[in-house]
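Source file: input-v2.cif (mmCIF, C-alpha atoms, pLDDT in the B column; chains and numbers go by the auth columns)
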data_query
#
loop_
_atom_site.group_PDB
_atom_site.id
_atom_site.type_symbol
_atom_site.label_atom_id
_atom_site.label_comp_id
_atom_site.label_asym_id
_atom_site.label_seq_id
_atom_site.Cartn_x
_atom_site.Cartn_y
_atom_site.Cartn_z
_atom_site.B_iso_or_equiv
_atom_site.auth_seq_id
_atom_site.auth_asym_id
ATOM 1 C CA MET A 1 -1.833 -1.274 -7.673 55.00 1 A
ATOM 2 C CA ASN A 2 -4.011 -0.386 -10.650 62.00 2 A
ATOM 3 C CA SER A 3 -5.308 -3.960 -10.771 66.00 3 A
ATOM 4 C CA TYR A 4 -6.913 -3.402 -7.370 60.00 4 A
ATOM 5 C CA THR A 5 -8.737 -0.242 -8.489 63.00 5 A
ATOM 6 C CA HIS A 6 -10.329 1.387 -11.526 63.00 6 A
ATOM 7 C CA GLY A 7 -11.965 -1.803 -12.727 66.00 7 A
ATOM 8 C CA GLY A 8 -8.711 -3.767 -12.790 72.00 8 A
ATOM 9 C CA ALA A 9 -8.726 -7.545 -13.122 73.00 9 A
ATOM 10 C CA LEU A 10 -8.024 -8.238 -9.435 71.00 10 A
ATOM 11 C CA GLN A 11 -10.665 -5.788 -8.269 71.00 11 A
ATOM 12 C CA ALA A 12 -13.327 -7.099 -10.661 72.00 12 A
ATOM 13 C CA GLY A 13 -12.534 -10.732 -9.914 72.00 13 A
ATOM 14 C CA ARG A 14 -12.949 -10.187 -6.183 72.00 14 A
ATOM 15 C CA ARG A 15 -16.477 -8.827 -6.582 75.00 15 A
ATOM 16 C CA PHE A 16 -18.009 -12.247 -7.187 74.00 16 A
ATOM 17 C CA SER A 17 -18.792 -14.526 -4.265 72.00 17 A
ATOM 18 C CA GLY A 18 -20.845 -17.543 -5.194 74.00 18 A
ATOM 19 C CA ASN A 19 -24.036 -16.206 -6.743 81.00 19 A
ATOM 20 C CA SER A 20 -23.713 -12.639 -5.488 81.00 20 A
ATOM 21 C CA VAL A 21 -21.667 -9.573 -6.327 79.00 21 A
ATOM 22 C CA GLU A 22 -19.970 -8.239 -3.185 81.00 22 A
ATOM 23 C CA PRO A 23 -16.470 -7.528 -1.857 78.00 23 A
ATOM 24 C CA ASN A 24 -14.563 -10.792 -1.560 77.00 24 A
ATOM 25 C CA TYR A 25 -10.978 -10.068 -0.467 78.00 25 A
ATOM 26 C CA ASP A 26 -8.921 -12.404 1.691 83.00 26 A
ATOM 27 C CA ALA A 27 -6.899 -11.123 4.650 90.00 27 A
ATOM 28 C CA GLU A 28 -3.536 -11.339 2.848 92.00 28 A
ATOM 29 C CA GLU A 29 -4.775 -9.167 -0.015 84.00 29 A
ATOM 30 C CA VAL A 30 -6.002 -6.516 2.420 87.00 30 A
ATOM 31 C CA ALA A 31 -2.662 -6.621 4.270 92.00 31 A
ATOM 32 C CA GLU A 32 -0.768 -6.276 0.957 89.00 32 A
ATOM 33 C CA VAL A 33 -2.666 -3.123 0.016 87.00 33 A
ATOM 34 C CA ILE A 34 -2.113 -1.647 3.488 91.00 34 A
ATOM 35 C CA ARG A 35 1.650 -2.353 3.307 89.00 35 A
ATOM 36 C CA PHE A 36 1.853 -0.927 -0.213 90.00 36 A
ATOM 37 C CA SER A 37 -0.002 2.235 0.820 92.00 37 A
ATOM 38 C CA GLY A 38 2.247 2.650 3.857 90.00 38 A
ATOM 39 C CA THR A 39 5.318 2.381 1.657 90.00 39 A
ATOM 40 C CA PHE A 40 4.063 5.154 -0.607 93.00 40 A
ATOM 41 C CA ALA A 41 3.244 7.328 2.406 93.00 41 A
ATOM 42 C CA LEU A 42 6.790 6.919 3.764 92.00 42 A
ATOM 43 C CA MET A 43 8.268 7.712 0.359 92.00 43 A
ATOM 44 C CA ALA A 44 6.185 10.896 0.150 94.00 44 A
ATOM 45 C CA PHE A 45 7.213 11.842 3.699 94.00 45 A
ATOM 46 C CA GLN A 46 10.864 11.296 2.798 94.00 46 A
ATOM 47 C CA GLN A 47 10.581 13.720 -0.112 95.00 47 A
ATOM 48 C CA ILE A 48 8.902 16.343 2.078 95.00 48 A
ATOM 49 C CA ALA A 49 11.657 15.937 4.677 95.00 49 A
ATOM 50 C CA LEU A 50 14.333 16.348 1.998 95.00 50 A
ATOM 51 C CA GLU A 51 12.678 19.514 0.673 96.00 51 A
ATOM 52 C CA ALA A 52 12.590 20.879 4.228 96.00 52 A
ATOM 53 C CA GLY A 53 16.283 20.113 4.687 96.00 53 A
ATOM 54 C CA ARG A 54 15.580 17.572 7.425 95.00 54 A
ATOM 55 C CA LEU A 55 17.994 14.829 6.460 95.00 55 A
ATOM 56 C CA ASP A 56 17.542 13.210 9.870 94.00 56 A
ATOM 57 C CA LEU A 57 13.841 12.645 9.172 94.00 57 A
ATOM 58 C CA ALA A 58 14.521 11.518 5.601 92.00 58 A
ATOM 59 C CA ASP A 59 17.014 8.945 6.894 91.00 59 A
ATOM 60 C CA GLU A 60 14.505 7.689 9.458 91.00 60 A
ATOM 61 C CA ALA A 61 11.898 7.283 6.715 89.00 61 A
ATOM 62 C CA ILE A 62 14.372 5.201 4.700 88.00 62 A
ATOM 63 C CA GLY A 63 14.964 3.032 7.754 87.00 63 A
ATOM 64 C CA ARG A 64 11.258 2.415 8.123 84.00 64 A
ATOM 65 C CA LEU A 65 10.991 1.307 4.512 81.00 65 A
ATOM 66 C CA SER A 66 12.905 -1.875 5.313 70.00 66 A
ATOM 67 C CA PRO A 67 10.758 -5.020 5.122 65.00 67 A
ATOM 68 C CA ALA A 68 8.654 -5.586 8.216 60.00 68 A
ATOM 69 C CA GLU A 69 7.809 -8.935 9.702 57.00 69 A
ATOM 70 C CA PRO A 70 4.266 -10.042 8.743 56.00 70 A
#

How would this structure read if it were set down as structure tokens?
Amino acid sequence: MNSYTHGGALQAGRRFSGNSVEPNYDAEEVAEVIRFSGTFALMAFQQIALEAGRLDLADEAIGRLSPAEP
């Protein structure tokens, strides 16, 4: 993930489009970042549910972490 932010190679390389400097991300790269962010959100939710003693919600979060169809 760090390569997409903080001046990482992927982030810097996607700033050049022809002769101009502008965002230049393809749709699959955007989708990858969205999926990755969603995974981290579910993992954080699972930990909150565990701390609250809600094993039912933690189990549901685990179930939603399974790979989704693109």

| field | Atom-to-atom span, atom CA of Ile62 of chain A and atom CA of Ala44 of chain A, Å | value |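 Computing the Euclidean distance for atom CA of Ile62 of chain A and atom CA of Ala44 of chain A yields 11.0 Å.
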
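In this comparison, which uses all atoms listed in the file, the residue of A:Thr39, A:Gln11, A:Asn24, A:Gln46 approaching Ser66 of chain A most closely is A:Thr39.
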
| message | As an exercise, work out the distance from atom CA of Ile34 of chain A to atom CA of Ala61 of chain A in Å and give it to one decimal place. | response |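 Atom-to-atom, atom CA of Ile34 of chain A and atom CA of Ala61 of chain A are spaced 16.9 Å apart.
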
| Can you list, as a list in words, every protein, DNA or RNA residue that comes within 12 Å of Phe45 of chain A when you count all atoms listed in the file, leaving out same-chain residues fewer than 4 positions away? | Gly38, Thr39, Phe40, Ala41, Ala49, Leu50, Glu51, Ala52, Arg54, Leu55, Leu57, Ala58, Asp59, Glu60, Ala61, Ile62, Arg64 and Leu65 of chain A

Could those selected residues go to a file with C-alpha atoms, as a PDB file, in the frame of the given file?
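The resulting again_29.pdb:
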ATOM      1  CA  GLY A  38       2.247   2.650   3.857  1.00 90.00           C
ATOM      2  CA  THR A  39       5.318   2.381   1.657  1.00 90.00           C
ATOM      3  CA  PHE A  40       4.063   5.154  -0.607  1.00 93.00           C
ATOM      4  CA  ALA A  41       3.244   7.328   2.406  1.00 93.00           C
ATOM      5  CA  ALA A  49      11.657  15.937   4.677  1.00 95.00           C
ATOM      6  CA  LEU A  50      14.333  16.348   1.998  1.00 95.00           C
ATOM      7  CA  GLU A  51      12.678  19.514   0.673  1.00 96.00           C
ATOM      8  CA  ALA A  52      12.590  20.879   4.228  1.00 96.00           C
ATOM      9  CA  ARG A  54      15.580  17.572   7.425  1.00 95.00           C
ATOM     10  CA  LEU A  55      17.994  14.829   6.460  1.00 95.00           C
ATOM     11  CA  LEU A  57      13.841  12.645   9.172  1.00 94.00           C
ATOM     12  CA  ALA A  58      14.521  11.518   5.601  1.00 92.00           C
ATOM     13  CA  ASP A  59      17.014   8.945   6.894  1.00 91.00           C
ATOM     14  CA  GLU A  60      14.505   7.689   9.458  1.00 91.00           C
ATOM     15  CA  ALA A  61      11.898   7.283   6.715  1.00 89.00           C
ATOM     16  CA  ILE A  62      14.372   5.201   4.700  1.00 88.00           C
ATOM     17  CA  ARG A  64      11.258   2.415   8.123  1.00 84.00           C
ATOM     18  CA  LEU A  65      10.991   1.307   4.512  1.00 81.00           C
TER      19      LEU A  65
END

| Quick one: distance from atom CA of Glu32 of chain A to atom CA of Gly13 of chain A in Å, one decimal? |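 Computed distance, atom CA of Glu32 of chain A to atom CA of Gly13 of chain A, equals 16.6 Å.
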
| query | Which of these, A:Ser20, A:Ala9, A:Gly63, A:Glu28, has the shortest distance to Met43 of chain A once you count all atoms listed in the file? | reply | A:Gly63

Please enclose the listed atoms of segment 23-33 of chain A in an axis-aligned box, pad each side by 6 Å, and write out the centre and the three edge lengths in Å, rounded to one decimal, as lines of an AutoDock Vina configuration file.
center_x = -8.6
center_y = -7.8
center_z = 1.4
size_x = 27.7
size_y = 21.3
size_z = 18.5

When you get a chance, write out all heavy atoms for segment 25-36 of chain A, as a short mmCIF file (atom, residue, chain, number, x, y, z; two decimals), keeping the file's coordinate frame.
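Final file, result-v6.cif:
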data_model
loop_
_atom_site.label_atom_id
_atom_site.label_comp_id
_atom_site.auth_asym_id
_atom_site.auth_seq_id
_atom_site.Cartn_x
_atom_site.Cartn_y
_atom_site.Cartn_z
N TYR A 25 -12.43 -10.14 -0.58
CA TYR A 25 -10.98 -10.07 -0.47
C TYR A 25 -10.52 -10.91 0.72
O TYR A 25 -11.12 -10.86 1.79
CB TYR A 25 -10.52 -8.63 -0.24
CG TYR A 25 -10.96 -7.69 -1.34
CD1 TYR A 25 -12.08 -6.89 -1.18
CD2 TYR A 25 -10.25 -7.60 -2.51
CE1 TYR A 25 -12.49 -6.03 -2.18
CE2 TYR A 25 -10.64 -6.75 -3.52
CZ TYR A 25 -11.76 -5.96 -3.36
OH TYR A 25 -12.16 -5.12 -4.34
N ASP A 26 -9.43 -11.67 0.54
CA ASP A 26 -8.92 -12.40 1.69
C ASP A 26 -7.99 -11.50 2.51
O ASP A 26 -7.58 -10.44 2.06
CB ASP A 26 -8.25 -13.72 1.28
CG ASP A 26 -7.00 -13.57 0.45
OD1 ASP A 26 -6.29 -12.55 0.60
OD2 ASP A 26 -6.70 -14.49 -0.33
N ALA A 27 -7.66 -11.94 3.71
CA ALA A 27 -6.90 -11.12 4.65
C ALA A 27 -5.52 -10.74 4.11
O ALA A 27 -5.05 -9.61 4.32
CB ALA A 27 -6.76 -11.86 5.98
N GLU A 28 -4.87 -11.64 3.38
CA GLU A 28 -3.54 -11.34 2.85
C GLU A 28 -3.59 -10.24 1.78
O GLU A 28 -2.70 -9.39 1.71
CB GLU A 28 -2.88 -12.59 2.28
CG GLU A 28 -1.49 -12.36 1.71
CD GLU A 28 -0.51 -11.69 2.67
OE1 GLU A 28 -0.55 -11.96 3.89
OE2 GLU A 28 0.30 -10.87 2.21
N GLU A 29 -4.64 -10.22 0.99
CA GLU A 29 -4.78 -9.17 -0.02
C GLU A 29 -4.99 -7.81 0.64
O GLU A 29 -4.42 -6.81 0.21
CB GLU A 29 -5.94 -9.48 -0.96
CG GLU A 29 -5.65 -10.64 -1.88
CD GLU A 29 -6.87 -11.10 -2.62
OE1 GLU A 29 -7.98 -11.07 -2.07
OE2 GLU A 29 -6.70 -11.51 -3.78
N VAL A 30 -5.78 -7.76 1.69
CA VAL A 30 -6.00 -6.52 2.42
C VAL A 30 -4.68 -6.05 3.04
O VAL A 30 -4.31 -4.88 2.93
CB VAL A 30 -7.10 -6.68 3.49
CG1 VAL A 30 -7.20 -5.44 4.36
CG2 VAL A 30 -8.44 -6.99 2.83
N ALA A 31 -3.95 -6.96 3.65
CA ALA A 31 -2.66 -6.62 4.27
C ALA A 31 -1.67 -6.11 3.22
O ALA A 31 -0.92 -5.16 3.48
CB ALA A 31 -2.09 -7.83 5.00
N GLU A 32 -1.67 -6.71 2.03
CA GLU A 32 -0.77 -6.28 0.96
C GLU A 32 -1.05 -4.83 0.54
O GLU A 32 -0.13 -4.03 0.38
CB GLU A 32 -0.92 -7.19 -0.26
CG GLU A 32 -0.05 -6.81 -1.43
CD GLU A 32 -0.29 -7.68 -2.65
OE1 GLU A 32 -1.09 -8.64 -2.58
OE2 GLU A 32 0.33 -7.40 -3.68
N VAL A 33 -2.31 -4.49 0.40
CA VAL A 33 -2.67 -3.12 0.02
C VAL A 33 -2.29 -2.14 1.11
O VAL A 33 -1.78 -1.04 0.84
CB VAL A 33 -4.17 -3.03 -0.34
CG1 VAL A 33 -4.61 -1.59 -0.51
CG2 VAL A 33 -4.46 -3.82 -1.60
N ILE A 34 -2.48 -2.52 2.37
CA ILE A 34 -2.11 -1.65 3.49
C ILE A 34 -0.60 -1.43 3.51
O ILE A 34 -0.13 -0.30 3.67
CB ILE A 34 -2.63 -2.23 4.82
CG1 ILE A 34 -4.15 -2.13 4.85
CG2 ILE A 34 -2.01 -1.49 6.01
CD1 ILE A 34 -4.80 -2.88 5.99
N ARG A 35 0.18 -2.49 3.34
CA ARG A 35 1.65 -2.35 3.31
C ARG A 35 2.09 -1.48 2.14
O ARG A 35 2.95 -0.61 2.28
CB ARG A 35 2.32 -3.72 3.21
CG ARG A 35 2.34 -4.51 4.49
CD ARG A 35 3.25 -5.73 4.39
NE ARG A 35 2.87 -6.62 3.31
CZ ARG A 35 2.01 -7.63 3.42
NH1 ARG A 35 1.41 -7.87 4.57
NH2 ARG A 35 1.73 -8.40 2.39
N PHE A 36 1.50 -1.69 0.98
CA PHE A 36 1.85 -0.93 -0.21
C PHE A 36 1.54 0.55 -0.01
O PHE A 36 2.34 1.42 -0.35
CB PHE A 36 1.08 -1.51 -1.40
CG PHE A 36 1.64 -1.15 -2.74
CD1 PHE A 36 2.90 -1.59 -3.12
CD2 PHE A 36 0.90 -0.41 -3.63
CE1 PHE A 36 3.41 -1.27 -4.37
CE2 PHE A 36 1.40 -0.08 -4.87
CZ PHE A 36 2.66 -0.52 -5.25
#
